[in-house]
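Trainee: My structure is stored as structure.tsv, with TSV, C-alpha atoms.
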chain	number	residue	atom	x	y	z
A	255	MET	CA	22.44	7.13	11.39
A	256	GLU	CA	25.27	4.61	11.40
A	257	GLN	CA	26.61	2.32	8.66
A	258	PHE	CA	28.96	-0.66	8.90
A	259	HIS	CA	29.26	-4.24	7.77
A	260	VAL	CA	29.98	-7.58	9.41
A	261	HIS	CA	31.85	-10.19	7.42
A	262	GLY	CA	31.97	-13.91	8.16
A	263	THR	CA	33.14	-17.26	6.83
A	264	THR	CA	30.92	-20.32	6.90
A	265	LYS	CA	31.25	-24.07	6.55
A	266	ARG	CA	28.53	-24.58	3.99
A	267	ARG	CA	26.51	-22.89	1.29
A	268	ALA	CA	22.97	-21.77	2.16
A	269	GLY	CA	20.37	-24.16	0.70
A	270	GLY	CA	17.88	-23.48	-2.07
A	271	HIS	CA	18.19	-21.80	-5.43
A	272	ARG	CA	16.43	-18.49	-4.99
A	273	HIS	CA	18.48	-15.58	-6.15
A	274	GLN	CA	17.08	-13.01	-3.73
A	275	ALA	CA	14.44	-12.36	-1.09
A	276	ILE	CA	13.23	-9.46	1.00
A	277	THR	CA	11.54	-9.46	4.37
A	278	GLY	CA	10.37	-6.98	6.99
A	279	VAL	CA	9.60	-3.29	6.79
A	280	ASN	CA	11.77	-0.39	7.91
A	281	VAL	CA	9.55	1.05	10.60
A	282	SER	CA	10.24	1.94	14.23
A	283	GLY	CA	11.27	-1.21	16.12
A	284	ASN	CA	11.57	-3.28	12.96
A	285	LEU	CA	13.93	-3.70	10.02
A	286	GLU	CA	14.05	-4.60	6.36
A	287	ILE	CA	16.45	-7.27	5.06
A	288	LEU	CA	17.32	-7.83	1.42
A	289	VAL	CA	19.18	-11.12	0.87
A	290	GLU	CA	21.11	-11.85	-2.32
A	291	ARG	CA	23.09	-14.90	-3.35
A	292	ALA	CA	26.09	-12.85	-4.37
A	293	LEU	CA	29.19	-14.23	-2.60
A	294	PRO	CA	31.46	-17.29	-2.73
A	295	ASP	CA	29.92	-20.33	-0.99
A	296	ASN	CA	32.05	-20.01	2.16
A	297	GLU	CA	31.49	-16.30	2.78
A	298	CYS	CA	28.69	-14.18	4.13
A	299	LEU	CA	28.21	-10.48	4.73
A	300	VAL	CA	25.74	-8.29	6.59
A	301	GLU	CA	25.59	-4.63	5.61
A	302	VAL	CA	23.87	-2.57	8.27
A	303	LYS	CA	22.34	0.87	7.94
A	304	THR	CA	20.66	1.79	11.21
A	305	ALA	CA	18.81	4.86	12.42
A	306	VAL	CA	20.17	4.31	15.94
A	307	THR	CA	23.86	5.01	16.59
A	308	GLY	CA	26.15	3.46	19.19
A	309	PHE	CA	25.10	-0.19	19.11
A	310	ARG	CA	27.70	-1.60	16.73
A	311	PRO	CA	29.19	-4.10	19.26
A	312	ILE	CA	25.73	-5.57	19.89
A	313	TRP	CA	25.05	-5.82	16.15
A	314	GLU	CA	28.36	-7.63	15.66
A	315	ALA	CA	27.58	-10.11	18.43
A	316	VAL	CA	24.08	-10.80	17.09
A	317	VAL	CA	25.29	-11.23	13.51
A	318	GLN	CA	28.24	-13.48	14.43
A	319	GLU	CA	25.94	-15.73	16.44
A	320	PHE	CA	23.58	-15.88	13.46
A	321	PHE	CA	26.48	-16.88	11.16
A	322	VAL	CA	27.33	-19.81	13.44
A	323	ARG	CA	23.71	-20.88	13.85
A	324	SER	CA	22.55	-20.65	10.22
A	325	SER	CA	25.73	-20.97	8.17
A	326	PRO	CA	24.36	-18.72	5.40
A	327	GLY	CA	27.22	-19.30	2.94
A	328	GLY	CA	27.11	-17.22	-0.24
A	329	LEU	CA	24.52	-14.75	1.06
A	330	ARG	CA	24.79	-11.00	1.34
A	331	PHE	CA	22.30	-9.37	3.71
A	332	SER	CA	21.53	-5.66	3.33
A	333	ILE	CA	19.67	-4.13	6.25
A	334	ASN	CA	17.69	-0.93	6.66
A	335	ASP	CA	17.02	-0.76	10.37
A	336	GLY	CA	14.48	1.35	12.22
A	337	GLY	CA	15.76	0.52	15.71
A	338	ALA	CA	14.85	-3.16	16.00
A	339	ARG	CA	15.74	-5.03	19.20
A	340	PRO	CA	18.41	-7.75	18.96
A	341	ASP	CA	15.85	-10.58	19.15
A	342	THR	CA	13.89	-9.06	16.28
A	343	VAL	CA	17.10	-8.78	14.24
A	344	THR	CA	17.90	-12.47	14.83
A	345	LEU	CA	14.36	-13.54	13.90
A	346	ARG	CA	14.39	-11.51	10.68
A	347	LEU	CA	17.83	-12.84	9.69
A	348	MET	CA	16.67	-16.43	10.24
A	349	GLN	CA	13.46	-15.71	8.34
A	350	SER	CA	15.38	-14.30	5.39
A	351	VAL	CA	17.55	-17.44	5.16
A	352	GLN	CA	14.43	-19.60	5.27
A	353	LEU	CA	12.97	-17.60	2.38
A	354	MET	CA	16.11	-18.27	0.35
A	355	GLU	CA	15.94	-21.99	1.14
A	356	ASN	CA	12.28	-22.32	0.12
A	357	GLU	CA	11.86	-23.19	-3.51
A	358	ARG	CA	10.06	-20.60	-5.53
B	3	MET	CA	4.52	-24.53	3.91
B	4	SER	CA	1.38	-26.08	5.44
B	5	ASN	CA	1.86	-24.23	8.71
B	6	LEU	CA	1.88	-20.86	6.95
B	7	LEU	CA	-1.24	-18.83	6.32
B	8	GLN	CA	-2.09	-18.88	2.62
B	9	PRO	CA	-1.57	-15.38	1.20
B	10	HIS	CA	-5.11	-14.78	-0.05
B	11	LYS	CA	-6.67	-15.79	3.29
B	12	ALA	CA	-4.71	-13.17	5.17
B	13	ASP	CA	-6.18	-9.91	6.40
B	14	TRP	CA	-5.57	-6.97	4.07
B	15	TYR	CA	-5.18	-4.56	6.99
B	16	GLU	CA	-2.41	-6.59	8.62
B	17	ALA	CA	-0.59	-7.57	5.43
B	18	SER	CA	2.48	-5.84	4.01
B	19	ALA	CA	2.48	-4.39	0.48
B	20	ARG	CA	4.23	-7.51	-0.84
B	21	GLU	CA	1.84	-9.88	0.94
B	22	ARG	CA	-1.13	-8.01	-0.52
B	23	ILE	CA	0.23	-8.39	-4.05
B	24	ALA	CA	1.03	-12.08	-3.48
B	25	GLY	CA	-2.56	-12.79	-2.41
B	26	LEU	CA	-4.26	-10.46	-4.87
B	27	LEU	CA	-2.65	-11.75	-8.05
B	28	ASP	CA	-2.73	-15.27	-9.49
B	29	PRO	CA	-0.06	-17.43	-7.79
B	30	THR	CA	3.51	-16.84	-9.03
B	31	SER	CA	2.30	-14.46	-11.77
B	32	PHE	CA	3.89	-11.33	-10.30
B	33	ALA	CA	7.00	-9.87	-11.95
B	34	GLU	CA	8.39	-6.80	-10.21
B	35	PHE	CA	9.71	-3.75	-12.05
B	36	LEU	CA	12.68	-2.01	-10.42
B	37	GLY	CA	12.82	-4.49	-7.55
B	38	PRO	CA	14.60	-3.94	-4.24
B	39	GLU	CA	17.87	-5.35	-5.62
B	40	GLN	CA	18.04	-2.30	-7.92
B	41	ARG	CA	18.18	-0.13	-4.80
B	42	ALA	CA	16.17	2.73	-6.27
B	43	VAL	CA	16.14	4.53	-2.93
B	44	SER	CA	15.26	8.08	-1.97
B	45	PRO	CA	18.15	10.53	-2.47
B	46	HIS	CA	16.72	12.83	0.23
B	47	LEU	CA	16.06	10.75	3.34
B	48	ALA	CA	19.71	10.30	4.36
B	49	GLN	CA	20.00	14.07	4.93
B	50	PHE	CA	17.43	13.64	7.69
B	51	GLY	CA	19.17	10.65	9.26
B	52	LEU	CA	16.58	8.23	7.87
B	53	THR	CA	17.66	4.85	6.56
B	54	GLY	CA	15.19	4.48	3.68
B	55	ALA	CA	13.76	1.38	2.02
B	56	PHE	CA	15.16	-0.62	-0.90
B	57	ASP	CA	11.91	-0.15	-2.86
B	58	ASP	CA	11.26	3.36	-1.47
B	59	GLY	CA	8.03	2.10	0.03
B	60	ILE	CA	6.23	1.08	-3.16
B	61	VAL	CA	6.19	-2.21	-5.07
B	62	VAL	CA	5.34	-2.02	-8.79
B	63	GLY	CA	5.09	-4.69	-11.46
B	64	ARG	CA	2.87	-6.82	-13.63
B	65	GLY	CA	0.96	-10.04	-13.19
B	66	SER	CA	-2.45	-11.57	-13.70
B	67	CYS	CA	-5.57	-11.22	-11.59
B	68	GLY	CA	-8.29	-13.76	-12.37
B	69	ASP	CA	-6.58	-14.31	-15.74
B	70	HIS	CA	-6.65	-10.59	-16.57
B	71	GLU	CA	-3.21	-9.14	-17.33
B	72	VAL	CA	-2.72	-6.22	-14.94
B	73	PHE	CA	-0.16	-3.72	-13.77
B	74	VAL	CA	-0.08	-3.30	-10.03
B	75	ALA	CA	1.40	-0.85	-7.50
B	76	ALA	CA	1.30	-1.37	-3.73
B	77	GLN	CA	2.33	1.19	-1.14
B	78	GLU	CA	3.89	0.00	2.10
B	79	GLY	CA	1.79	1.95	4.59
B	80	GLN	CA	4.15	1.28	7.48
B	81	PHE	CA	7.23	2.80	5.86
B	82	LEU	CA	6.97	6.57	6.47
B	83	GLY	CA	3.18	6.18	6.50
B	84	GLY	CA	3.21	5.10	2.86
B	85	ALA	CA	3.95	8.70	1.91
B	86	PHE	CA	4.92	9.86	-1.57
B	87	GLY	CA	8.47	10.98	-2.25
B	88	GLU	CA	10.42	11.58	-5.44
B	89	VAL	CA	11.39	7.98	-6.31
B	90	HIS	CA	8.24	6.46	-4.81
B	91	GLY	CA	6.12	8.76	-6.99
B	92	ALA	CA	8.26	8.29	-10.09
B	93	LYS	CA	7.82	4.51	-9.87
B	94	LEU	CA	4.05	4.91	-9.96
B	95	VAL	CA	4.15	7.51	-12.76
B	96	GLY	CA	6.37	5.17	-14.80
B	97	LEU	CA	4.02	2.25	-14.26
B	98	LEU	CA	0.99	4.28	-15.37
B	99	ARG	CA	2.77	5.63	-18.44
B	100	ALA	CA	3.87	2.12	-19.40
B	101	ALA	CA	0.26	0.96	-19.04
B	102	ARG	CA	-0.86	3.74	-21.34
B	103	ALA	CA	1.86	2.98	-23.88
B	104	GLY	CA	0.67	-0.63	-23.98
B	105	ALA	CA	-3.04	0.20	-24.37
B	106	GLY	CA	-4.42	-1.69	-27.39
B	107	ARG	CA	-0.97	-3.18	-28.02
B	108	GLY	CA	-0.85	-6.15	-25.71
B	109	GLY	CA	-0.53	-4.02	-22.57
B	110	PRO	CA	-2.36	-4.59	-19.29
B	111	ARG	CA	-6.13	-4.92	-19.09
B	112	ALA	CA	-6.20	-2.73	-15.96
B	113	VAL	CA	-4.01	-1.02	-13.38
B	114	LEU	CA	-4.54	-1.86	-9.70
B	115	LEU	CA	-3.45	0.73	-7.13
B	116	LEU	CA	-3.11	-0.65	-3.60
B	117	LEU	CA	-3.04	2.70	-1.85
B	118	ASP	CA	-1.96	2.99	1.78
B	119	THR	CA	-0.70	6.51	2.33
B	120	GLY	CA	-0.78	9.56	4.52
B	121	GLY	CA	0.01	11.78	1.52
B	122	VAL	CA	3.30	13.49	0.73
B	123	ARG	CA	6.56	12.97	2.67
B	124	LEU	CA	7.53	16.08	4.61
B	125	GLN	CA	11.23	15.34	3.94
B	126	GLU	CA	10.78	15.64	0.17
B	127	ALA	CA	7.58	17.60	-0.03
B	128	ASN	CA	8.08	19.49	-3.30
B	129	ALA	CA	9.10	16.37	-5.18
B	130	GLY	CA	6.20	14.50	-3.60
B	131	GLU	CA	3.63	17.14	-4.56
B	132	LEU	CA	4.95	17.16	-8.13
B	133	ALA	CA	4.70	13.37	-8.19
B	134	ILE	CA	1.05	13.56	-7.09
B	135	SER	CA	0.25	15.91	-10.00
B	136	GLU	CA	2.05	13.67	-12.46
B	137	ILE	CA	0.24	10.59	-11.14
B	138	ILE	CA	-3.16	12.28	-11.47
B	139	ARG	CA	-2.40	13.26	-15.05
B	140	ALA	CA	-1.08	9.79	-15.83
B	141	ILE	CA	-4.23	8.15	-14.40
B	142	ILE	CA	-6.43	10.36	-16.59
B	143	ASP	CA	-4.28	9.47	-19.63
B	144	VAL	CA	-4.47	5.73	-18.90
B	145	ARG	CA	-8.22	5.85	-18.43
B	146	THR	CA	-8.66	7.90	-21.60
B	147	ALA	CA	-6.70	5.22	-23.45
B	148	GLY	CA	-9.31	2.68	-22.31
B	149	VAL	CA	-7.43	1.01	-19.44
B	150	PRO	CA	-9.33	1.19	-16.14
B	151	VAL	CA	-7.50	2.10	-12.93
B	152	LEU	CA	-8.85	0.53	-9.73
B	153	ALA	CA	-8.07	1.83	-6.24
B	154	LEU	CA	-8.01	-0.75	-3.41
B	155	VAL	CA	-7.96	0.86	0.04
B	156	GLY	CA	-7.99	-0.95	3.38
B	157	GLY	CA	-4.63	-0.33	5.04
B	158	ARG	CA	-3.56	1.33	8.26
B	159	ALA	CA	-2.61	4.65	6.67
B	160	GLY	CA	-5.80	4.99	4.60
B	161	ALA	CA	-5.60	7.27	1.56
B	162	PHE	CA	-5.00	10.86	2.63
B	163	GLY	CA	-3.71	14.06	1.10
B	164	GLY	CA	-2.72	13.56	-2.52
B	165	GLY	CA	-3.49	9.87	-2.01
B	166	GLY	CA	-7.14	10.79	-1.42
B	167	ILE	CA	-7.24	12.80	-4.64
B	168	ILE	CA	-5.56	9.97	-6.56
B	169	THR	CA	-8.17	7.55	-5.20
B	170	ALA	CA	-10.99	9.80	-6.38
B	171	CYS	CA	-9.47	9.90	-9.89
B	172	CYS	CA	-9.69	6.12	-10.30
B	173	SER	CA	-12.29	4.25	-12.37
B	174	ARG	CA	-13.49	2.23	-9.41
B	175	ILE	CA	-12.75	2.30	-5.66
B	176	VAL	CA	-12.85	-0.76	-3.38
B	177	VAL	CA	-12.77	-0.30	0.41
B	178	SER	CA	-12.91	-2.44	3.54
B	179	GLU	CA	-14.11	-1.29	6.97
B	180	HIS	CA	-10.69	0.00	8.04
B	181	ALA	CA	-10.31	2.24	5.02
B	182	ARG	CA	-10.33	6.00	5.34
B	183	VAL	CA	-10.28	8.22	2.28
B	184	SER	CA	-9.93	11.98	2.56
B	185	VAL	CA	-7.70	14.90	1.66
B	186	SER	CA	-6.87	16.78	4.87
B	187	GLY	CA	-6.40	14.20	7.60
B	188	PRO	CA	-8.01	14.53	11.04
B	189	GLU	CA	-4.81	15.78	12.74
B	190	VAL	CA	-4.28	18.36	10.00
B	191	ILE	CA	-7.79	19.74	10.42
B	192	GLU	CA	-7.46	19.84	14.20
B	193	THR	CA	-4.06	21.59	14.00
B	194	ASN	CA	-5.35	24.25	11.64
B	195	LYS	CA	-8.89	24.81	12.88
B	196	GLY	CA	-8.86	23.67	16.49
B	197	VAL	CA	-10.27	20.74	18.43
B	198	GLU	CA	-13.80	22.15	18.38
B	199	GLU	CA	-13.80	21.95	14.61
B	200	PHE	CA	-12.50	18.36	14.57
B	201	ASP	CA	-11.32	16.13	17.41
B	202	ALA	CA	-8.75	13.84	15.76
B	203	ARG	CA	-8.67	11.56	18.81
B	204	ASP	CA	-12.37	10.75	18.42
B	205	ARG	CA	-11.93	7.59	16.34
B	206	ALA	CA	-15.66	7.10	15.83
B	207	LEU	CA	-15.95	10.64	14.47
B	208	VAL	CA	-12.98	10.10	12.13
B	209	TRP	CA	-14.57	6.98	10.66
B	210	ARG	CA	-18.04	8.58	10.45
B	211	VAL	CA	-16.55	11.38	8.38
B	212	CYS	CA	-13.98	9.67	6.14
B	213	GLY	CA	-14.37	5.95	6.87
B	214	ALA	CA	-15.24	3.24	4.38
B	215	ARG	CA	-18.92	2.93	5.29
B	216	THR	CA	-19.57	6.63	4.87
B	217	ARG	CA	-17.64	6.70	1.60
B	218	TYR	CA	-19.55	3.71	0.28
B	219	LEU	CA	-23.00	5.03	1.24
B	220	THR	CA	-22.33	8.45	-0.31
B	221	GLY	CA	-20.86	7.03	-3.53
B	222	GLY	CA	-17.24	7.86	-2.65
B	223	ALA	CA	-16.45	4.16	-3.05
B	224	ASP	CA	-18.00	1.63	-5.40
B	225	ARG	CA	-17.51	-1.64	-3.58
B	226	TYR	CA	-17.41	-2.44	0.13
B	227	VAL	CA	-15.71	-5.73	0.96
B	228	LYS	CA	-14.96	-7.70	4.09
B	229	GLY	CA	-11.32	-7.51	5.07
B	230	SER	CA	-9.50	-10.49	3.55
B	231	ILE	CA	-7.13	-10.25	0.60
B	232	GLU	CA	-9.39	-12.76	-1.16
B	233	ASP	CA	-12.33	-10.35	-0.81
B	234	PHE	CA	-10.31	-7.60	-2.49
B	235	ARG	CA	-9.25	-10.06	-5.18
B	236	GLU	CA	-12.84	-11.03	-5.97
B	237	ALA	CA	-13.91	-7.39	-6.16
B	238	ALA	CA	-10.97	-6.42	-8.37
B	239	THR	CA	-11.50	-9.36	-10.73
B	240	SER	CA	-15.16	-8.55	-11.29
B	241	LEU	CA	-14.61	-4.79	-11.58
B	242	ILE	CA	-11.88	-5.14	-14.23
B	243	SER	CA	-14.43	-6.54	-16.66
B	244	HIS	CA	-17.13	-4.02	-15.75
B	245	ALA	CA	-15.23	-0.75	-15.48
B	246	PRO	CA	-16.97	2.22	-17.09
B	247	THR	CA	-15.66	4.00	-20.16
B	248	PHE	CA	-14.11	7.39	-19.53
B	249	GLU	CA	-15.17	10.38	-21.58
B	250	LEU	CA	-16.60	13.88	-21.22
B	251	SER	CA	-20.09	12.51	-20.52
B	252	THR	CA	-18.62	10.49	-17.60
B	253	LEU	CA	-17.29	13.66	-15.99
B	254	LYS	CA	-20.51	15.58	-16.61
B	255	ALA	CA	-22.55	12.79	-15.03
B	256	GLU	CA	-20.22	12.74	-12.01
B	257	GLN	CA	-20.48	16.51	-11.68
B	258	GLN	CA	-24.26	16.19	-11.77
B	259	ARG	CA	-24.20	13.46	-9.12
B	260	LEU	CA	-22.02	15.55	-6.81
B	261	THR	CA	-24.18	18.64	-7.32
B	262	GLU	CA	-27.28	16.68	-6.36
B	263	ARG	CA	-25.52	15.18	-3.35
B	264	LEU	CA	-24.58	18.62	-2.14
B	265	GLN	CA	-28.16	19.84	-2.61
B	266	HIS	CA	-29.58	16.92	-0.63
B	267	PHE	CA	-27.05	16.63	2.16
B	268	GLY	CA	-24.98	19.85	2.13
B	269	ASP	CA	-26.32	21.11	5.46
B	270	CYS	CA	-25.72	17.85	7.36
B	271	ARG	CA	-23.22	18.14	10.22
B	272	ASP	CA	-22.44	14.44	10.72
B	273	ALA	CA	-22.91	11.18	8.84
B	274	PRO	CA	-25.99	9.88	10.77
B	275	GLU	CA	-27.87	13.01	9.67
B	276	ILE	CA	-27.20	11.97	6.07
B	277	TRP	CA	-28.43	8.43	6.69
B	278	ARG	CA	-31.59	9.72	8.41
B	279	LYS	CA	-32.31	12.09	5.55
B	280	ALA	CA	-31.67	9.31	3.05
B	281	GLY	CA	-34.28	7.16	4.82
B	282	LEU	CA	-31.95	4.43	6.08
B	283	THR	CA	-33.29	2.46	9.03
B	284	GLN	CA	-31.36	2.84	12.31
B	285	PRO	CA	-29.07	5.61	11.00
B	286	ASP	CA	-27.19	5.83	14.30
B	287	ARG	CA	-26.13	2.19	14.17
B	288	ILE	CA	-24.52	2.16	10.71
B	289	THR	CA	-21.01	2.17	12.16
B	290	ASP	CA	-21.77	-0.54	14.75
B	291	ILE	CA	-23.36	-3.31	12.68
B	292	THR	CA	-21.49	-6.27	11.19
B	293	ASP	CA	-20.11	-6.26	7.67
B	294	ASP	CA	-22.86	-8.67	6.59
B	295	ALA	CA	-25.61	-6.43	7.97
B	296	PHE	CA	-23.96	-3.42	6.40
B	297	LEU	CA	-23.72	-5.09	3.00
B	298	ALA	CA	-27.44	-5.88	3.17
B	299	ILE	CA	-28.27	-2.15	3.27
B	300	GLN	CA	-29.66	-0.61	0.10
B	301	ARG	CA	-27.46	2.36	-0.77
B	302	PRO	CA	-29.23	5.76	-0.90
B	303	LYS	CA	-30.37	6.94	-4.32
B	304	GLY	CA	-27.47	8.46	-6.23
B	305	ALA	CA	-24.68	6.58	-4.44
B	306	ASP	CA	-24.62	3.81	-7.02
B	307	HIS	CA	-24.91	6.29	-9.90
B	308	ASP	CA	-22.53	4.90	-12.50
B	309	ALA	CA	-20.58	8.09	-13.07
B	310	ARG	CA	-16.97	7.67	-12.16
Re-express the file's structure as structure tokens.

Mentor:
Amino acid sequence: MEQFHVHGTTKRRAGGHRHQAITGVNVSGNLEILVERALPDNECLVEVKTAVTGFRPIWEAVVQEFFVRSSPGGLRFSINDGGARPDTVTLRLMQSVQLMENER
Amino acid sequence: MSNLLQPHKADWYEASARERIAGLLDPTSFAEFLGPEQRAVSPHLAQFGLTGAFDDGIVVGRGSCGDHEVFVAAQEGQFLGGAFGEVHGAKLVGLLRAARAGAGRGGPRAVLLLLDTGGVRLQEANAGELAISEIIRAIIDVRTAGVPVLALVGGRAGAFGGGGIITACCSRIVVSEHARVSVSGPEVIETNKGVEEFDARDRALVWRVCGARTRYLTGGADRYVKGSIEDFREAATSLISHAPTFELSTLKAEQQRLTERLQHFGDCRDAPEIWRKAGLTQPDRITDITDDAFLAIQRPKGADHDAR
């Protein structure tokens, strides 16, 4: 198991007013993401806990690309990962932002 | 939102625990207790290099179902096979005790258990087994206090081990075709008694023995539904208002029913033998027919005995 976090700064605050959302399930090849609106509007953070060790550089690349693409300002993402592939990670991150932007 | 599948139309089998709750309860009525942001995670899994889940694999809370106030618990069958651990079990025990405390005092009208479990987690087995015992006791207490507990089973993991016993303790049991309810799972039996006793890879055999259709026809389930979340919702809504009372006479009647079932079918070696003996037409085709054809079958005498 490996634990680390990736911090980023963004241009704008993520849309919507939801306080939190959760998506995905921690099962082999998938991951669970809990998103909380818990940071200043120009910051974002992804906390990763993964069952698979040794892939930190890939995680950092995937997450930084996501920061640029989605600009999820103010959001903290907590991840329980069961060995998801990078594309799955990106999809889940995007999905979690969309959940936060949808009105309840 | 128009391009998204509406929650209640979705398939129960494919849905996650949270999707099942969203479709089962009245829209936006669900309020979660001890939600994922509280991070009530297992204290044991990290020792085994496992990353855990923010809700420890079970979602609990309150809401309304067809305008009935209910408490609800849903196991996530994909996370560690929906298995019971210390926190997972404690969340369910707490929910049941709260339901009992509220009985007759503005508490829930019923408790809905969306079981999807292989039993107890191997990584925290003692705590899990204790949780099972506490849950069984809590269910009996809730039912004694006049609040029915309904089991809804139709997920990938079925309801095995302690989950099978918990199911059997409920006031009413709803199943869909995918459901399996049993105590020792097929692999467990094969490991302990050999492949000649039970071939766990024989899917048809597994479903003939512990699958939904067999359970329904022998009275091990009260309602058989097609697989959508809406179907489970309709069954739950109607059963909440028609759940039986729970007293000594209930247990005696159930004991009587089981004794008679054993007398009639105790020497049968496989489910079709039971159907043949019970006089069902085409007993060998029970597992092959459509849900509609299956629902048209008259259950054998005793199966619909109102004794749970």

Trainee: Do you know which residues lie at most 12 Å from (-21.8, 1.6, 13.5), with coordinates as in the file and all atoms listed in the file counted, and could you write them as a list in words?

Mentor: Glu179, Arg205, Ala206, Leu207, Trp209, Arg210, Gly213, Ala214, Arg215, Thr216, Ala273, Pro274, Trp277, Gln284, Pro285, Asp286, Arg287, Ile288, Thr289, Asp290, Ile291, Thr292, Asp293, Ala295 and Phe296 of chain B

Trainee: Closest to A:Ala275 among A:Glu355, A:Glu256, A:Asp295, A:Glu314, using all atoms listed in the file?

Mentor: A:Glu355

Trainee: Using all atoms listed in the file, which residues sit within 8 Å of A:Phe320 once same-chain residues fewer than 6 positions away are excluded, as JSON, numbers by chain?

Mentor: {"A": [344, 347, 348]}

Trainee: Report as a PyMOL selection string the set of chain B residues whose atoms approach chain A to within 12 Å, with distances computed over only C-alpha atoms.

Mentor: chain B and resi 3+17-21+29-31+37-41+43+47-61+77-84

Trainee: For atom CA of B:Glu236 and atom CA of B:Gly96, quote the distance in Å rounded to one decimal.

Mentor: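 We find that atom CA of B:Glu236 and atom CA of B:Gly96 lie 26.6 Å from each other.
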
Trainee: Closest to A:Thr342 among A:Ala268, A:Thr307, A:Val317, A:Gly262, using only C-alpha atoms?

Mentor: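 The shortest atom-to-atom distance to A:Thr342 comes from A:Val317.
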
Trainee: Can you tell me how far atom CA of B:Thr220 sits from atom CA of B:Ala280, in Å to one decimal?

Mentor: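 We find that atom CA of B:Thr220 and atom CA of B:Ala280 lie 10.0 Å from each other.
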
Trainee: Could you tell me how far atom CA of B:Tyr218 lies from atom CA of B:Gly268, in Å and to one decimal?

Mentor: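 Computing the Euclidean distance for atom CA of B:Tyr218 and atom CA of B:Gly268 yields 17.1 Å.
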
Trainee: Out of B:Asn194, B:Cys67, B:Lys279, B:Arg310, which residue has the shortest atom-to-atom distance to B:Thr169 when counting all atoms listed in the file?

Mentor: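 So, comparing all the options, the nearest one is B:Arg310.
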
Trainee: May I have the protein, DNA and RNA residues with an atom at most 10 Å from (-7.5, 16.1, 8.7), counting all atoms listed in the file in the file's coordinates, returned as a PyMOL selection string?

Mentor: chain B and resi 162-163+184-195+200-202+208+212

Trainee: Residues near B:Ala100, anyone? I mean within 10 Å using only C-alpha atoms, not counting same-chain ones fewer than 6 positions away, as JSON, numbers by chain.

Mentor: {"B": [73, 94, 109, 110, 140, 144]}

Trainee: Go through B:Leu297, B:Leu26, B:Val197, B:Cys172 one by one, measure the shortest atom-to-atom distance of each to B:Ala245 using all atoms listed in the file, and give the residue with the smallest value.

Mentor: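 Comparing B:Leu297, B:Leu26, B:Val197, B:Cys172 against B:Ala245, the winner is B:Cys172.
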